[in-house]
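K.L.:
Provided herewith is a single structure, encoded as structure tokens, for subsequent inquiry.
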Amino acid sequence: MIKLYNTQTHQKEEFKPVEEGKVRMYVCGPTVYNRIHIGNARTFISFDTIRRYFMYRGYEVTFVQNVTDVDDKIITKANQEGRTAAEVASEFTDAFISDMRAAGVMDPDVRPKATKEIGEMIKLVKTLIDKGHAYATEEGDVYFSVRSFPEYGKLSGRNIDEMEGGHRELRADGQGLEDRKRDPLDFALWKAAKPGEPSWGSPWGQGRPGWHIECSAMSKKYLGLPIDIHGGGADLVFPHHENEVAQSEAAYGCCFSNYWMHGGMLQVNHEKMSKSLGNFLLLNEVLERTDPVVLRMLMLQTHYRSPLDFSDERLDESAQSVARIANALKNMNWAIAHAEGEGSLIDAEGLAARAQAMKDSFIESMDDDFNTAGALGHIFTFVGDINTMCVNRAISASDALVVKAAQDTLVELLNVLGLPIQAAEDTSNYPAETVTLAAELAGYEGSDPAEAASALLDARAAARKAKDFATADKVRDGLTSLGFTIEDTPQGARVTFNG
């Protein structure tokens, strides 16, 4: 039984889908005016993991994530760069998709773009006007009447009488948009066109949609109402999600989403991430120097609703965690490869029991509001057992079957978390000639073949950066002649020994 924390009720609730065996899930996507930062990435990785777990538990998941490709920030950037808003949006939509795939996040089942759903939004705005929940101004703007929806504030827990209006917006002619509202709390559903901005025809004249309306229109179109889960970062609870609730339920007269889930905020070195502090980190920049599995490990070692502190030290710790698991997989591979004869040389029955206990405890943690930190704790307990039982220990052929089954269970649970960790390579059979080659081409002075191979890769990278391709080719050819294969990855080159 899966329980999840519902932001609206402020408590954990048993998950009961609208349709048995199916999950209809909507997670707010990016406004595409720049590359996403690691705070955004944390939200998307969290909900990717939640989606994966529902699938693991046998649910058929329909996952929708929008792209906001028309917005003030996009228009501003386009004007600054002398481009069209469509060109800016197209560039950063592609960049977002690329970044998500690089981070190991699954593509959504549906990725609607705001500019392709204008018709659906206009229909929704018309419905709200017809029902008395919205009004058009002489200038062609349309606003939602917040006080027409008595339950406004039920998601965020805010009292409507204690709220203040939003930030004052100014038109090019200096007229305050707030002056057009009947109430300072009202929010825009449709914005009248301004010179030089993208716009679409509507019953109220040329214009473009407000930010909040797109998610309501897309949720209804692609998932129906009510949806099971609506998610996003904690910063979206108010006003974005609060406004979605109001306009959707006012228009359709039914519950919009049965469960609301929100991820905690991310800090960098215990400080709020901001450009002014110089700690604003883009995901693609982090992935240039960090293995995606290491980054995801860092994210999942903190519960998705809790604040997460990002730092180089935390990345190093996560890398060590990944290495521990990779080492356990290596030890299991070694034991299986060296199995021979009969007779129990390890506690096979105990190992099988530990593997089952890990799986049971993993599921128990994940069923409890997707507690990835707890689930990983159970994995690491098992990894410790493995590294005690299987280090360079020959086992019987029958025991090898038990070890393989335990390994399969471990890999299965790692895949649920989106952590495709590979067994650490056994470097014990690296040829001694690697040291000689490294001394010649990389100035290596040690005696460890594995360190020598790493030094050679560093020398090759330095040579390529300096455009000294002759030296780079010598390193490549030398490693190849010794039986190594070089693989170039976004995180740098790595070698595999084939001898």
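Convention: chains lettered A, B, ... in structure tokens order; per-chain residue numbering from 1; ligands numbered from 1 as shown.
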Please identify which residues in range 208-436 of chain A DSSP calls alpha helix (DSSP H) from the backbone, and express them as a PyMOL selection string.

P.N.:
chain A and resi 211-223+242-252+283-287+292-300+312-337+348-367+372-389+397-416+433-436

K.L.:
Might you pull out every residue within 9 Å of Val61 in chain A, with only C-alpha atoms counted and same-chain residues fewer than 3 positions away left off, and present them as a PyMOL selection string?

P.N.:
chain A and resi 21-25+51-52+54-55+109

K.L.:
Got time to write the residues from that selection, N, CA and C atoms, as an mmCIF file, in the first residue's frame?

P.N.:
```
data_model
loop_
_atom_site.group_PDB
_atom_site.id
_atom_site.type_symbol
_atom_site.label_atom_id
_atom_site.label_comp_id
_atom_site.auth_asym_id
_atom_site.auth_seq_id
_atom_site.Cartn_x
_atom_site.Cartn_y
_atom_site.Cartn_z
ATOM 1 N N GLY A 21 -5.383 0.520 -10.952
ATOM 2 C CA GLY A 21 -4.198 0.080 -11.673
ATOM 3 C C GLY A 21 -3.560 1.124 -12.565
ATOM 4 N N LYS A 22 -4.105 2.348 -12.567
ATOM 5 C CA LYS A 22 -3.562 3.393 -13.430
ATOM 6 C C LYS A 22 -3.257 4.651 -12.616
ATOM 7 N N VAL A 23 -2.223 5.379 -13.060
ATOM 8 C CA VAL A 23 -1.855 6.640 -12.426
ATOM 9 C C VAL A 23 -1.801 7.709 -13.495
ATOM 10 N N ARG A 24 -2.570 8.762 -13.287
ATOM 11 C CA ARG A 24 -2.551 9.914 -14.199
ATOM 12 C C ARG A 24 -1.835 11.042 -13.469
ATOM 13 N N MET A 25 -0.691 11.412 -14.001
ATOM 14 C CA MET A 25 0.251 12.265 -13.276
ATOM 15 C C MET A 25 0.684 13.445 -14.136
ATOM 16 N N ARG A 51 7.600 8.263 -10.505
ATOM 17 C CA ARG A 51 6.987 7.614 -11.668
ATOM 18 C C ARG A 51 7.521 6.196 -11.839
ATOM 19 N N ARG A 52 8.836 6.033 -11.765
ATOM 20 C CA ARG A 52 9.448 4.713 -11.918
ATOM 21 C C ARG A 52 8.933 3.742 -10.850
ATOM 22 N N PHE A 54 6.011 3.794 -9.219
ATOM 23 C CA PHE A 54 4.643 3.389 -9.542
ATOM 24 C C PHE A 54 4.660 2.296 -10.609
ATOM 25 N N MET A 55 5.503 2.466 -11.613
ATOM 26 C CA MET A 55 5.601 1.459 -12.668
ATOM 27 C C MET A 55 6.096 0.133 -12.103
ATOM 28 N N ASP A 109 5.211 10.882 -21.220
ATOM 29 C CA ASP A 109 4.363 10.270 -22.240
ATOM 30 C C ASP A 109 3.802 11.334 -23.176
#
```

K.L.:
Tell me, counting only C-alpha atoms, for each residue of range 107-127 of chain A within 7 Å of range 69-73 of chain A, which pair of atoms is nearest and how far apart they are in Å to one decimal, in rows ordered by chain and increasing number, as JSON lines.

P.N.:
```
{"residue": "A:Lys113", "atom": "CA", "partner": "A:Asp69", "partner_atom": "CA", "distance": 6.4}
{"residue": "A:Ala114", "atom": "CA", "partner": "A:Asp69", "partner_atom": "CA", "distance": 5.9}
{"residue": "A:Thr115", "atom": "CA", "partner": "A:Asp69", "partner_atom": "CA", "distance": 6.4}
```

K.L.:
Which of these, A:Thr290, A:Ser306, A:Thr496, A:Thr471, has the shortest distance to Asp458 in chain A once you count only C-alpha atoms?

P.N.:
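Checking each candidate against Asp458 in chain A, we get A:Thr471 as the closest.
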
K.L.:
Counting only C-alpha atoms, what is within 6 Å of range 328-330 of chain A, bar same-chain residues fewer than 5 positions away, as a VMD selection string?

P.N.:
chain A and resid 383 387 423 to 424

K.L.:
Considering only C-alpha atoms, state which residue in the set A:Lys221, A:Lys154, A:Lys194, A:His37 is at the smallest distance from Asp99 in chain A.

P.N.:
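Among A:Lys221, A:Lys154, A:Lys194, A:His37, it is A:His37 that comes nearest to Asp99 in chain A.
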
K.L.:
Need to verify the contact set: Gln11 in chain A, 12 Å, only C-alpha atoms, exclusion of same-chain residues closer than 5 positions in sequence. Can you return it as a list in words?

P.N.:
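Contacts, with the query itself left out: Lys3, Leu4, Tyr5, Asn6, Tyr259, Trp260, Met261, Asp368 and Asp369 of chain A.
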
K.L.:
Between A:Cys28, A:Ile386, A:Met106, A:Leu298, which one has atoms that come closest to Asp235 in chain A, using only C-alpha atoms?

P.N.:
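Ranked by minimum distance to Asp235 in chain A, first place goes to A:Cys28.
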
K.L.:
Neighbouring residues of Lys131 in chain A were defined as those with any atom within 10 Å, considering only C-alpha atoms; residues of the same chain fewer than 6 positions away were excluded. Please report them as a PyMOL selection string.

P.N.:
chain A and resi 125+148+250-252

K.L.:
Write to file, as a short mmCIF file (atom, residue, chain, number, x, y, z; two decimals), in the first residue's frame, the residues of the selection just made, with C-alpha atoms.

P.N.:
```
data_model
loop_
_atom_site.label_atom_id
_atom_site.label_comp_id
_atom_site.auth_asym_id
_atom_site.auth_seq_id
_atom_site.Cartn_x
_atom_site.Cartn_y
_atom_site.Cartn_z
CA VAL A 125 -11.36 31.08 -20.37
CA SER A 148 -15.91 34.16 -6.91
CA ALA A 250 -14.58 26.78 -10.95
CA ALA A 251 -14.83 25.86 -14.63
CA TYR A 252 -15.51 22.15 -14.40
#
```

K.L.:
Write out as a count of residues only the set of residues from range 92-255 of chain A that DSSP, computed on the backbone, places in strand (DSSP E or B).

P.N.:
27

K.L.:
Identify which of the residues A:Cys254, A:Gln407, A:Ala493, A:Glu20 lies closest to Arg289 in chain A, counting only C-alpha atoms when measuring atom-to-atom distances.

P.N.:
A:Ala493

K.L.:
Which residue is closest to Ala86 in chain A? Choose from A:Ala339, A:Val110, A:Ala326, A:Ile74 and count only C-alpha atoms.

P.N.:
A:Ile74

K.L.:
In Å, rounded to a single decimal, give me how far CA of Asn159 in chain A is from CA of Thr9 in chain A.

P.N.:
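Separation of CA of Thr9 in chain A and CA of Asn159 in chain A: 15.4 Å.
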
K.L.:
Ranking A:His212, A:Arg35, A:His230, A:Arg296 by minimum distance to Ser318 in chain A and counting only C-alpha atoms, which one comes first?

P.N.:
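That would be A:Arg296, the residue with the smallest distance to Ser318 in chain A.
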